[in-house]
file start_12.txt (compact mmCIF, C-alpha atoms)
# COMPACT_ATOMS: atom_id res chain seq x y z
CA MET A 1 281.04 -154.05 41.87
CA PHE A 2 278.13 -153.38 39.48
CA TYR A 3 277.92 -149.63 39.10
CA LEU A 4 274.79 -147.87 37.86
CA ASN A 5 276.56 -145.25 35.77
CA ASP A 6 273.51 -143.49 34.39
CA CYS A 7 269.72 -143.70 34.53
CA GLY A 8 266.91 -142.69 32.21
CA ILE A 9 263.33 -142.71 33.46
CA VAL A 10 259.89 -141.84 32.11
CA CYS A 11 256.76 -142.52 34.16
CA ALA A 12 253.65 -140.83 35.50
CA LEU A 13 255.88 -138.53 37.58
CA GLY A 14 257.50 -137.04 34.48
CA ALA A 15 259.22 -137.62 31.17
CA THR A 16 262.63 -136.30 32.25
CA ARG A 17 264.87 -137.19 35.15
CA ALA A 18 264.63 -133.63 36.48
CA ALA A 19 260.82 -133.68 36.41
CA VAL A 20 260.65 -137.06 38.13
CA ARG A 21 263.09 -135.92 40.80
CA GLU A 22 261.13 -132.72 41.48
CA ASN A 23 257.79 -134.49 41.74
CA LEU A 24 259.29 -137.23 43.89
CA LEU A 25 261.49 -135.35 46.35
CA GLU A 26 260.40 -131.71 46.17
CA ARG A 27 256.64 -131.84 45.64
CA ALA A 28 255.62 -135.40 46.61
CA ALA A 29 253.12 -135.11 43.77
CA SER A 30 251.24 -138.13 42.49
CA GLY A 31 251.17 -138.68 38.75
CA VAL A 32 248.11 -140.93 38.98
CA SER A 33 244.92 -139.52 37.43
CA MET A 34 241.47 -140.72 36.45
CA SER A 35 241.00 -142.08 32.94
CA ASP A 36 238.90 -144.60 31.06
CA ALA A 37 241.58 -145.03 28.38
CA CYS A 38 241.93 -148.71 29.28
CA SER A 39 238.41 -149.37 30.61
CA ALA A 40 235.80 -147.73 28.37
CA GLY A 41 233.04 -146.09 30.38
CA ARG A 42 234.71 -146.93 33.70
CA PRO A 43 237.22 -144.27 34.76
CA LEU A 44 240.03 -145.62 36.93
CA PRO A 45 243.14 -144.09 38.48
CA LEU A 46 246.02 -144.77 36.08
CA GLY A 47 249.68 -143.82 36.12
CA ARG A 48 249.87 -142.57 32.53
CA VAL A 49 252.79 -141.02 30.66
CA LEU A 50 251.22 -137.94 29.07
CA ALA A 51 254.30 -136.50 27.35
CA ALA A 52 254.96 -136.94 23.64
CA LEU A 53 257.13 -139.99 23.00
CA PRO A 54 259.81 -140.58 20.36
CA SER A 55 258.64 -141.72 16.94
CA VAL A 56 258.88 -145.42 16.17
CA ALA A 57 258.38 -144.91 12.42
CA HIS A 58 262.03 -145.79 11.74
CA LEU A 59 261.66 -149.19 13.39
CA ALA A 60 260.72 -152.39 11.62
CA PRO A 61 256.94 -153.07 11.76
CA PRO A 62 257.20 -155.74 14.51
CA GLU A 63 258.95 -153.20 16.75
CA ARG A 64 256.51 -150.29 16.35
CA SER A 65 254.74 -150.07 19.70
CA ARG A 66 254.09 -147.60 22.47
CA ASN A 67 256.07 -149.91 24.71
CA ASN A 68 259.16 -149.46 22.54
CA ALA A 69 258.52 -145.71 22.32
CA LEU A 70 258.67 -145.57 26.13
CA ALA A 71 261.93 -147.51 26.04
CA LEU A 72 263.37 -145.07 23.48
CA ALA A 73 262.32 -142.13 25.68
CA ALA A 74 264.29 -143.56 28.61
CA LEU A 75 267.24 -144.43 26.37
CA ALA A 76 267.40 -140.88 24.97
CA GLN A 77 268.27 -139.54 28.43
CA ILE A 78 271.37 -141.74 28.72
CA ARG A 79 272.26 -142.44 25.10
CA PRO A 80 275.54 -140.47 25.15
CA ALA A 81 276.76 -142.53 28.11
CA VAL A 82 275.67 -145.79 26.47
CA GLU A 83 277.35 -144.90 23.18
CA ALA A 84 280.53 -143.95 25.03
CA ALA A 85 280.49 -147.41 26.64
CA ILE A 86 280.03 -149.05 23.24
CA ALA A 87 282.98 -147.07 21.86
CA ARG A 88 285.09 -148.03 24.86
CA TYR A 89 284.29 -151.74 25.11
CA GLY A 90 283.09 -152.69 21.63
CA ALA A 91 279.60 -153.52 20.36
CA ASP A 92 280.03 -157.23 21.12
CA ARG A 93 280.82 -156.50 24.78
CA VAL A 94 277.63 -154.54 25.51
CA GLY A 95 274.41 -156.39 26.34
CA VAL A 96 270.74 -155.49 26.76
CA VAL A 97 268.57 -157.11 29.44
CA VAL A 98 265.17 -155.62 30.26
CA GLY A 99 261.89 -156.67 31.82
CA THR A 100 258.39 -156.26 30.43
CA SER A 101 254.96 -157.83 30.80
CA THR A 102 252.95 -156.08 28.08
CA SER A 103 255.23 -155.40 25.11
CA GLY A 104 252.93 -154.35 22.21
CA ILE A 105 249.64 -155.81 23.45
CA ALA A 106 247.97 -152.38 23.15
CA GLU A 107 248.67 -152.36 19.41
CA THR A 108 246.97 -155.76 19.07
CA GLU A 109 243.97 -154.46 21.01
CA ALA A 110 243.64 -151.48 18.66
CA ALA A 111 243.98 -153.73 15.61
CA LEU A 112 241.28 -156.09 16.85
CA ARG A 113 238.90 -153.21 17.60
CA ARG A 114 239.32 -152.01 14.01
CA HIS A 115 238.83 -155.53 12.68
CA GLU A 116 235.66 -156.03 14.71
CA ALA A 117 234.32 -152.75 13.34
CA GLY A 118 234.62 -154.18 9.84
CA ALA A 119 237.61 -152.13 8.71
CA GLY A 120 240.08 -155.01 8.71
CA LEU A 121 243.47 -155.06 10.36
CA PRO A 122 245.60 -151.90 10.00
CA GLU A 123 248.21 -152.08 7.25
CA ASP A 124 250.98 -151.38 9.73
CA PHE A 125 249.86 -154.04 12.22
CA HIS A 126 252.26 -156.93 12.81
CA TYR A 127 251.67 -159.79 15.22
CA GLY A 128 255.31 -159.52 16.29
CA GLN A 129 254.52 -156.22 18.03
CA GLN A 130 253.36 -158.17 21.08
CA GLU A 131 256.44 -160.41 21.21
CA MET A 132 257.83 -160.10 24.73
CA ALA A 133 261.44 -160.04 23.50
CA SER A 134 260.74 -156.98 21.35
CA PRO A 135 262.16 -154.28 23.68
CA ALA A 136 265.57 -155.94 24.03
CA GLY A 137 265.87 -156.69 20.33
CA MET A 138 264.80 -153.17 19.42
CA LEU A 139 267.26 -151.51 21.82
CA ALA A 140 270.12 -153.73 20.66
CA ALA A 141 269.39 -152.92 17.03
CA GLU A 142 268.95 -149.22 17.78
CA LEU A 143 272.37 -149.11 19.43
CA GLY A 144 274.09 -151.53 17.08
CA VAL A 145 275.27 -153.82 19.87
CA SER A 146 275.74 -157.57 19.50
CA GLY A 147 276.17 -158.73 23.09
CA PRO A 148 273.49 -160.85 24.79
CA ALA A 149 270.02 -159.28 24.39
CA TYR A 150 266.95 -160.73 26.07
CA VAL A 151 263.86 -160.00 28.15
CA HIS A 152 262.61 -161.23 31.51
CA SER A 153 258.83 -161.50 31.76
CA SER A 154 257.88 -162.62 35.24
CA ALA A 155 255.13 -160.15 36.11
CA CYS A 156 256.07 -157.53 38.74
CA ALA A 157 259.54 -159.00 39.31
CA SER A 158 260.53 -158.75 35.62
CA SER A 159 262.86 -155.78 35.67
CA ALA A 160 264.43 -156.62 39.04
CA LYS A 161 265.34 -159.99 37.58
CA ALA A 162 266.64 -158.25 34.46
CA MET A 163 268.97 -156.10 36.55
CA ALA A 164 270.22 -159.14 38.47
CA SER A 165 270.85 -160.90 35.16
CA ALA A 166 272.77 -157.88 33.87
CA ALA A 167 275.05 -158.05 36.90
CA ARG A 168 275.62 -161.76 36.30
CA LEU A 169 276.58 -161.13 32.66
CA ILE A 170 279.27 -158.73 33.85
CA GLN A 171 280.28 -161.05 36.68
CA MET A 172 280.73 -163.97 34.25
CA GLY A 173 282.82 -161.87 31.90
CA LEU A 174 280.32 -162.04 29.04
CA CYS A 175 279.77 -158.27 29.00
CA ASP A 176 281.65 -155.17 30.08
CA ALA A 177 278.50 -153.04 30.15
CA VAL A 178 274.77 -153.78 30.03
CA LEU A 179 271.76 -151.59 29.28
CA THR A 180 269.23 -152.88 31.78
CA GLY A 181 265.91 -152.01 33.40
CA GLY A 182 262.31 -152.37 32.33
CA VAL A 183 259.42 -151.00 30.30
CA ASP A 184 255.67 -151.53 30.34
CA SER A 185 252.77 -149.73 28.66
CA LEU A 186 249.15 -149.45 29.67
CA CYS A 187 246.63 -151.63 27.88
CA GLY A 188 243.11 -152.91 28.37
CA PHE A 189 244.31 -156.48 28.77
CA THR A 190 246.10 -155.87 32.08
CA VAL A 191 243.41 -153.56 33.46
CA ALA A 192 240.71 -156.11 32.66
CA GLY A 193 242.80 -158.97 34.02
CA PHE A 194 243.49 -157.35 37.37
CA SER A 195 239.86 -156.17 37.53
CA ALA A 196 238.72 -159.77 37.08
CA LEU A 197 240.82 -160.64 40.13
CA ALA A 198 239.07 -157.84 42.09
CA SER A 199 242.51 -156.26 42.57
CA VAL A 200 241.96 -152.84 40.95
CA SER A 201 240.95 -149.89 43.12
CA ALA A 202 238.50 -147.30 41.85
CA ALA A 203 240.29 -144.71 44.02
CA PRO A 204 243.96 -143.79 44.46
CA CYS A 205 245.71 -146.82 45.91
CA ASN A 206 246.25 -146.79 49.65
CA PRO A 207 249.14 -149.06 50.70
CA LEU A 208 249.18 -150.29 54.33
CA SER A 209 245.90 -148.52 55.08
CA ALA A 210 242.98 -150.24 56.76
CA ASN A 211 241.02 -148.95 53.75
CA ARG A 212 243.27 -150.42 51.04
CA ASP A 213 241.35 -152.17 48.28
CA GLY A 214 243.67 -152.72 45.34
CA ILE A 215 246.17 -151.37 42.85
CA ASN A 216 246.34 -148.53 40.35
CA ILE A 217 248.00 -149.68 37.14
CA GLY A 218 250.68 -147.51 35.54
CA GLU A 219 253.24 -147.45 32.74
CA GLY A 220 256.75 -146.24 32.13
CA ALA A 221 260.36 -147.18 31.57
CA ALA A 222 263.61 -146.97 33.49
CA LEU A 223 266.95 -147.93 31.96
CA PHE A 224 270.38 -148.05 33.58
CA LEU A 225 273.86 -148.29 32.15
CA MET A 226 275.57 -150.89 34.34
CA SER A 227 279.31 -151.50 34.25
CA ARG A 228 282.39 -151.86 36.44
CA GLU A 229 283.28 -148.20 35.81
CA PRO A 230 282.96 -146.43 39.21
CA ALA A 231 279.86 -144.31 39.86
CA ALA A 232 278.06 -142.87 42.88
CA VAL A 233 275.54 -145.74 43.16
CA ALA A 234 275.91 -149.45 42.54
CA LEU A 235 273.76 -152.56 42.60
CA ARG A 236 275.37 -154.08 45.67
CA GLY A 237 273.09 -157.07 46.15
CA TRP A 238 270.09 -158.93 44.82
CA GLY A 239 267.97 -161.90 45.81
CA GLU A 240 265.54 -164.12 43.93
CA SER A 241 263.18 -166.84 45.10
CA SER A 242 259.96 -168.58 44.19
CA ASP A 243 257.13 -169.33 46.58
CA GLY A 244 255.14 -171.67 44.35
CA HIS A 245 252.30 -170.97 46.80
CA HIS A 246 249.46 -169.71 44.56
CA MET A 247 248.88 -168.41 41.05
CA SER A 248 248.41 -164.84 42.26
CA ALA A 249 248.44 -164.64 46.08
CA PRO A 250 251.72 -164.46 48.03
CA ASP A 251 252.71 -167.00 50.64
CA PRO A 252 251.12 -165.48 53.78
CA ALA A 253 254.16 -166.49 55.84
CA GLY A 254 256.44 -164.66 53.42
CA GLY A 255 259.04 -167.41 53.23
CA GLY A 256 260.07 -166.57 49.66
CA ALA A 257 260.15 -162.84 50.31
CA ARG A 258 262.30 -163.38 53.38
CA LEU A 259 264.72 -165.57 51.42
CA ALA A 260 265.11 -163.01 48.61
CA ILE A 261 265.80 -160.21 51.09
CA ALA A 262 268.33 -162.33 52.97
CA GLN A 263 270.13 -163.15 49.72
CA ALA A 264 270.37 -159.47 48.79
CA LEU A 265 271.83 -158.55 52.19
CA ALA A 266 274.30 -161.45 52.06
CA ARG A 267 275.52 -160.54 48.56
CA ALA A 268 276.12 -156.96 49.69
CA GLY A 269 277.80 -158.16 52.89
CA ILE A 270 275.75 -155.93 55.18
CA ALA A 271 273.42 -156.43 58.12
CA ALA A 272 269.73 -155.56 58.03
CA ALA A 273 270.38 -152.73 60.52
CA GLN A 274 272.52 -150.92 57.95
CA VAL A 275 269.64 -150.43 55.49
CA ASP A 276 268.50 -146.80 55.53
CA TYR A 277 265.34 -147.08 53.44
CA ILE A 278 263.08 -149.75 51.97
CA ASN A 279 260.98 -149.23 48.86
CA LEU A 280 258.11 -151.62 49.48
CA HIS A 281 256.39 -153.64 46.79
CA GLY A 282 253.40 -152.02 48.52
CA THR A 283 250.60 -152.80 46.06
CA ALA A 284 247.77 -151.79 48.43
CA THR A 285 246.16 -155.21 48.09
CA GLN A 286 245.06 -156.96 51.24
CA GLN A 287 247.35 -159.97 51.05
CA ASN A 288 250.53 -158.39 49.69
CA ASP A 289 250.64 -155.60 52.25
CA ALA A 290 249.92 -157.99 55.12
CA MET A 291 252.69 -160.39 54.09
CA GLU A 292 255.27 -157.74 53.26
CA SER A 293 254.77 -155.60 56.35
CA ARG A 294 255.21 -158.61 58.63
CA VAL A 295 258.34 -159.81 56.83
CA VAL A 296 259.89 -156.33 56.92
CA GLU A 297 259.09 -155.82 60.61
CA SER A 298 260.51 -159.21 61.54
CA MET A 299 263.76 -158.69 59.57
CA PHE A 300 264.40 -154.95 60.03
CA GLY A 301 262.35 -153.89 63.03
CA ALA A 302 259.89 -151.03 63.04
CA ALA A 303 262.37 -148.14 62.88
CA VAL A 304 263.70 -148.38 59.31
CA ALA A 305 262.21 -145.72 57.00
CA LEU A 306 260.08 -147.12 54.19
CA SER A 307 257.43 -146.26 51.64
CA SER A 308 255.47 -147.57 48.71
CA THR A 309 255.84 -145.27 45.71
CA LYS A 310 253.02 -146.89 43.73
CA PRO A 311 250.57 -144.10 44.72
CA LEU A 312 252.96 -141.77 42.86
CA THR A 313 253.54 -143.78 39.69
CA GLY A 314 250.89 -146.46 39.56
CA HIS A 315 251.96 -150.09 39.46
CA ALA A 316 253.96 -150.35 36.24
CA LEU A 317 254.02 -154.16 36.40
CA GLY A 318 257.02 -155.41 34.39
CA ALA A 319 258.69 -152.00 34.67
CA ALA A 320 257.82 -151.40 38.33
CA ALA A 321 261.03 -152.75 39.85
CA ALA A 322 263.26 -150.73 37.51
CA ILE A 323 261.23 -147.55 38.01
CA GLU A 324 261.37 -147.96 41.79
CA ALA A 325 265.12 -148.67 41.64
CA ALA A 326 265.45 -145.47 39.61
CA LEU A 327 263.56 -143.51 42.28
CA CYS A 328 266.02 -144.87 44.86
CA TRP A 329 268.94 -144.02 42.53
CA LEU A 330 267.69 -140.42 42.25
CA ALA A 331 267.40 -140.12 46.03
CA MET A 332 270.97 -141.41 46.45
CA GLN A 333 272.66 -138.82 44.23
CA ASP A 334 274.93 -136.07 45.54
CA ASP A 335 272.22 -133.43 45.00
CA ASN A 336 270.24 -134.89 47.90
CA PRO A 337 272.69 -134.42 50.80
CA GLU A 338 269.94 -134.30 53.41
CA GLY A 339 268.65 -137.70 52.35
CA ARG A 340 265.08 -136.79 51.45
CA LEU A 341 263.14 -140.01 50.94
CA PRO A 342 260.57 -141.13 48.37
CA PRO A 343 257.30 -140.37 50.15
CA HIS A 344 254.49 -142.67 51.19
CA LEU A 345 251.09 -141.25 50.20
CA TRP A 346 248.05 -142.71 51.96
CA ASP A 347 245.00 -141.75 53.98
CA GLY A 348 246.76 -142.20 57.34
CA VAL A 349 244.33 -144.83 58.61
CA ALA A 350 246.57 -147.54 60.03
CA ASP A 351 245.47 -151.17 59.84
CA PRO A 352 245.55 -152.52 63.40
CA ALA A 353 246.18 -156.02 62.03
CA LEU A 354 249.54 -154.94 60.56
CA PRO A 355 252.80 -153.94 62.27
CA GLN A 356 253.07 -150.18 62.71
CA LEU A 357 256.03 -149.25 60.54
CA ASN A 358 258.07 -146.07 60.07
CA LEU A 359 256.46 -144.62 56.95
CA ALA A 360 258.42 -141.94 55.12
CA LEU A 361 255.68 -139.33 54.83
CA PRO A 362 256.11 -136.31 52.50
CA GLY A 363 259.11 -134.27 53.62
CA ALA A 364 260.79 -137.14 55.47
CA ALA A 365 264.59 -137.04 55.40
CA LEU A 366 267.46 -138.88 57.04
CA GLY A 367 269.44 -135.72 57.71
CA ARG A 368 272.37 -137.28 55.84
CA PRO A 369 272.90 -138.92 52.44
CA LEU A 370 270.90 -142.06 51.73
CA ARG A 371 273.51 -144.83 51.66
CA TRP A 372 271.63 -148.15 51.46
CA ALA A 373 268.24 -148.64 49.77
CA LEU A 374 266.41 -151.95 49.46
CA SER A 375 263.66 -152.37 46.84
CA ASN A 376 261.18 -155.26 46.98
CA SER A 377 259.27 -156.87 44.11
CA PHE A 378 256.93 -159.77 44.86
CA ALA A 379 255.13 -160.99 41.77
CA PHE A 380 252.38 -163.39 40.72
CA GLY A 381 253.26 -167.03 41.13
CA GLY A 382 255.55 -166.20 44.03
CA SER A 383 258.30 -164.82 41.79
CA ASN A 384 260.24 -162.70 44.27
CA ALA A 385 263.12 -160.35 43.49
CA VAL A 386 264.88 -157.85 45.74
CA LEU A 387 267.49 -155.24 44.76
CA LEU A 388 269.90 -153.57 47.19
CA LEU A 389 271.46 -150.30 46.01
CA GLY A 390 274.39 -148.70 47.80
CA ARG A 391 276.31 -145.45 47.59
CA THR A 392 279.95 -145.98 46.86
CA ALA A 393 281.39 -142.75 48.25
call {"tool": "encode", "arguments": {"input": "start_12.txt", "output": "C-alpha cells"}}
result
Amino acid sequence: MFYLNDCGIVCALGATRAAVRENLLERAASGVSMSDACSAGRPLPLGRVLAALPSVAHLAPPERSRNNALALAALAQIRPAVEAAIARYGADRVGVVVGTSTSGIAETEAALRRHEAGAGLPEDFHYGQQEMASPAGMLAAELGVSGPAYVHSSACASSAKAMASAARLIQMGLCDAVLTGGVDSLCGFTVAGFSALASVSAAPCNPLSANRDGINIGEGAALFLMSREPAAVALRGWGESSDGHHMSAPDPAGGGARLAIAQALARAGIAAAQVDYINLHGTATQQNDAMESRVVESMFGAAVALSSTKPLTGHALGAAAAIEAALCWLAMQDDNPEGRLPPHLWDGVADPALPQLNLALPGAALGRPLRWALSNSFAFGGSNAVLLLGRTA
C-alpha cells in the first residue's frame, strides 16, 4: 500500500495546513480575489498565495523562482518527516516526483519587461529558471537525496501523474519513500493563453451552473511524503488515459475519463458504490463540466457527494491535482470524525442540460469519517488522471 504519511500545502486558502483546513471545512471561504497582477489593466479573479514565501537566495541562479519558493513553503511543513525518512532509508532510496506547468516562466516575463524598457536583463536572471524539471532538481538538492528525481508536465493532470509515478517507483522497488505532489505559480503567460481560448471568467468561477463561463487561475503547492510506512490515508488507486480527441477540448463522450476512473477503482479493488466523495475536475467551462457530470452520473449515480473546489483555490493547473488530493487528505484525517466535505461554491442555478448531482454545499457532512475519496483531473490533449484515496483504519 502507498501511504501518504504527511502533507504540506500552500494555496489561496492559506499558507499553513491549519489555515487551509479551517477555510476549507470550517468557513468554506474562497481564497480567490480580484487582481490585475497577471493581466495589466484587466482585473480577474485569481487564486493567489499572499503570504510571504521562503527565500530562494541560497539556491543556484537557475533555481531561483517563485515556483520553487512555493515548493519550499510546502516542504517546510513536512520537512522533519521527510528527513526522518531519508535517515531511515538512505538518501539513494528517496525520490522526488512532482508536477508543474509553469516553473519559472514568471521570472522570464519580468526579465523581458525590463529588457524591453531598455534596462537590459537582470543580473540574476537565468534562462534555466523556466526549465520544467527545476522543482524536482531543486527539492532533491535541498534535501540531499539521490533517488530518481523528475517532473511531469501534462497540464492539469501533471501532479496526479506525478503521484501515480511515485507509487510505481515504490512498487518497483526503486524507492522506499518519495516526495511527490505538484507546484505551479501564477504568470501572465497562462492567463493570456487561457484568455485567448475564451476560457477565463471575469467573475468567480461557477462549476456546473447554467451561468458558468470559464476558469479562475490559481497557484500553490502540495507535497506528500509517500512510503509503505502505515498512515491514516493512502493512495489506494489511480488511473491514466489519453483521449487524443482535441488539443484543448475533452472527448464529449468521456471515454478517456471513464477509463481512468475505472482503472482507479480496479486498482483499489472497490466498487463505484463504495466511493463516499468525488472531487471533480470541475473547471466551470462549458465542455468539461458537461462531459464530467455525465460520466460521473453514469458510473456512480446521482447520490454520491461531490464538489469542485476550484472556486476556493482557483485552478492551479500543474499543481491542481495535488492540491485537490491534499484537500481530500485533510478531510480524511481523524480530526474530522463527522466527515465534513470540501464544499461546492456556486450560484445555485442548475443547468437543465446536465445531470442533477448531489453537490456538497457548505456544511455538508457524511455523519461519519470520509473513507474513500476520488479526485479527477482531465487535462488539455485528453490527458486524464484520477486518484483514489482511502482511509486505512
call {"tool": "closest_atom_pairs", "arguments": {"input": "start_12.txt", "of": "range 292-343 of chain A", "to": "range 348-362 of chain A", "cutoff": "7 Å", "atoms": "all atoms listed in the file", "output": "tab-separated table"}}
result
residue	atom	partner	partner_atom	distance
A:Ser293	CA	A:Pro355	CA	6.5
A:Arg294	CA	A:Pro355	CA	6.4
A:Glu297	CA	A:Pro355	CA	6.8
A:Ala302	CA	A:Leu357	CA	4.9
A:Ala303	CA	A:Asn358	CA	5.5
A:Val304	CA	A:Asn358	CA	6.1
A:Ala305	CA	A:Asn358	CA	5.2
A:Leu306	CA	A:Leu359	CA	5.2
A:Ser307	CA	A:Ala360	CA	5.6
A:Leu341	CA	A:Ala360	CA	6.6
A:Pro343	CA	A:Pro362	CA	4.8
call {"tool": "atom_distance", "arguments": {"input": "start_12.txt", "atom1": "CA of Ile105 in chain A", "atom2": "CA of Tyr127 in chain A"}}
result
9.4 Å
call {"tool": "atom_distance", "arguments": {"input": "start_12.txt", "atom1": "CA of Ala177 in chain A", "atom2": "CA of Ser227 in chain A"}}
result
4.5 Å
call {"tool": "closest_residue", "arguments": {"input": "start_12.txt", "among": "A:Leu225, A:Cys156, A:Ala257, A:Cys38", "to": "Ser242 in chain A", "atoms": "all atoms listed in the file"}}
result
A:Ala257
call {"tool": "closest_residue", "arguments": {"input": "start_12.txt", "among": "A:Ile170, A:Gly8, A:Ala157, A:Gly390", "to": "Gly237 in chain A", "atoms": "all atoms listed in the file"}}
result
A:Gly390
call {"tool": "residues_around", "arguments": {"input": "start_12.txt", "residues": "Phe2 in chain A", "least_positions_apart": "4", "cutoff": "12 Å", "atoms": "all atoms listed in the file", "output": "PyMOL selection string"}}
result
chain A and resi 163-171+175-178+180+224-238+267-268+388-392
call {"tool": "write_last_selection", "arguments": {"input": "start_12.txt", "atoms": "C-alpha atoms", "output": "mmCIF file, in the coordinates of the input"}}
result
data_model
loop_
_atom_site.group_PDB
_atom_site.id
_atom_site.type_symbol
_atom_site.label_atom_id
_atom_site.label_comp_id
_atom_site.auth_asym_id
_atom_site.auth_seq_id
_atom_site.Cartn_x
_atom_site.Cartn_y
_atom_site.Cartn_z
ATOM 1 C CA MET A 163 268.970 -156.100 36.550
ATOM 2 C CA ALA A 164 270.220 -159.140 38.470
ATOM 3 C CA SER A 165 270.850 -160.900 35.160
ATOM 4 C CA ALA A 166 272.770 -157.880 33.870
ATOM 5 C CA ALA A 167 275.050 -158.050 36.900
ATOM 6 C CA ARG A 168 275.620 -161.760 36.300
ATOM 7 C CA LEU A 169 276.580 -161.130 32.660
ATOM 8 C CA ILE A 170 279.270 -158.730 33.850
ATOM 9 C CA GLN A 171 280.280 -161.050 36.680
ATOM 10 C CA CYS A 175 279.770 -158.270 29.000
ATOM 11 C CA ASP A 176 281.650 -155.170 30.080
ATOM 12 C CA ALA A 177 278.500 -153.040 30.150
ATOM 13 C CA VAL A 178 274.770 -153.780 30.030
ATOM 14 C CA THR A 180 269.230 -152.880 31.780
ATOM 15 C CA PHE A 224 270.380 -148.050 33.580
ATOM 16 C CA LEU A 225 273.860 -148.290 32.150
ATOM 17 C CA MET A 226 275.570 -150.890 34.340
ATOM 18 C CA SER A 227 279.310 -151.500 34.250
ATOM 19 C CA ARG A 228 282.390 -151.860 36.440
ATOM 20 C CA GLU A 229 283.280 -148.200 35.810
ATOM 21 C CA PRO A 230 282.960 -146.430 39.210
ATOM 22 C CA ALA A 231 279.860 -144.310 39.860
ATOM 23 C CA ALA A 232 278.060 -142.870 42.880
ATOM 24 C CA VAL A 233 275.540 -145.740 43.160
ATOM 25 C CA ALA A 234 275.910 -149.450 42.540
ATOM 26 C CA LEU A 235 273.760 -152.560 42.600
ATOM 27 C CA ARG A 236 275.370 -154.080 45.670
ATOM 28 C CA GLY A 237 273.090 -157.070 46.150
ATOM 29 C CA TRP A 238 270.090 -158.930 44.820
ATOM 30 C CA ARG A 267 275.520 -160.540 48.560
ATOM 31 C CA ALA A 268 276.120 -156.960 49.690
ATOM 32 C CA LEU A 388 269.900 -153.570 47.190
ATOM 33 C CA LEU A 389 271.460 -150.300 46.010
ATOM 34 C CA GLY A 390 274.390 -148.700 47.800
ATOM 35 C CA ARG A 391 276.310 -145.450 47.590
ATOM 36 C CA THR A 392 279.950 -145.980 46.860
#
call {"tool": "closest_residue", "arguments": {"input": "start_12.txt", "among": "A:Leu186, A:Ala19, A:Ala385, A:Ala119", "to": "Ser65 in chain A", "atoms": "all atoms listed in the file"}}
result
A:Leu186
call {"tool": "closest_residue", "arguments": {"input": "start_12.txt", "among": "A:Arg17, A:Arg42, A:Leu112, A:Gln129", "to": "Ala76 in chain A", "atoms": "only C-alpha atoms"}}
result
A:Arg17
call {"tool": "closest_residue", "arguments": {"input": "start_12.txt", "among": "A:Leu327, A:Ala85, A:Ala15, A:Val98", "to": "Ala73 in chain A", "atoms": "all atoms listed in the file"}}
result
A:Ala15
call {"tool": "residues_around", "arguments": {"input": "start_12.txt", "residues": "range 33-35 of chain A", "least_positions_apart": "2", "cutoff": "7 Å", "atoms": "all atoms listed in the file", "output": "PyMOL selection string"}}
result
chain A and resi 31+37+43-47
call {"tool": "write_last_selection", "arguments": {"input": "start_12.txt", "atoms": "C-alpha atoms", "output": "PDB file, in the coordinates of the input"}}
result
ATOM      1  CA  GLY A  31     251.170-138.680  38.750  1.00  0.00           C
ATOM      2  CA  ALA A  37     241.580-145.030  28.380  1.00  0.00           C
ATOM      3  CA  PRO A  43     237.220-144.270  34.760  1.00  0.00           C
ATOM      4  CA  LEU A  44     240.030-145.620  36.930  1.00  0.00           C
ATOM      5  CA  PRO A  45     243.140-144.090  38.480  1.00  0.00           C
ATOM      6  CA  LEU A  46     246.020-144.770  36.080  1.00  0.00           C
ATOM      7  CA  GLY A  47     249.680-143.820  36.120  1.00  0.00           C
TER       8      GLY A  47
END
call {"tool": "closest_residue", "arguments": {"input": "start_12.txt", "among": "A:Ala141, A:Val200, A:Leu345, A:Val386", "to": "Ala260 in chain A", "atoms": "only C-alpha atoms"}}
result
A:Val386
call {"tool": "atom_distance", "arguments": {"input": "start_12.txt", "atom1": "CA of Glu292 in chain A", "atom2": "CA of Ala319 in chain A"}}
result
19.8 Å
call {"tool": "residues_around", "arguments": {"input": "start_12.txt", "residues": "range 120-125 of chain A", "least_positions_apart": "2", "cutoff": "8 Å", "atoms": "only C-alpha atoms", "output": "list in words"}}
result
Pro61, Pro62, Glu107, Thr108, Ala111, Leu112, Arg114, His115, Glu116, Ala117, Gly118, Tyr127 and Gln129 of chain A
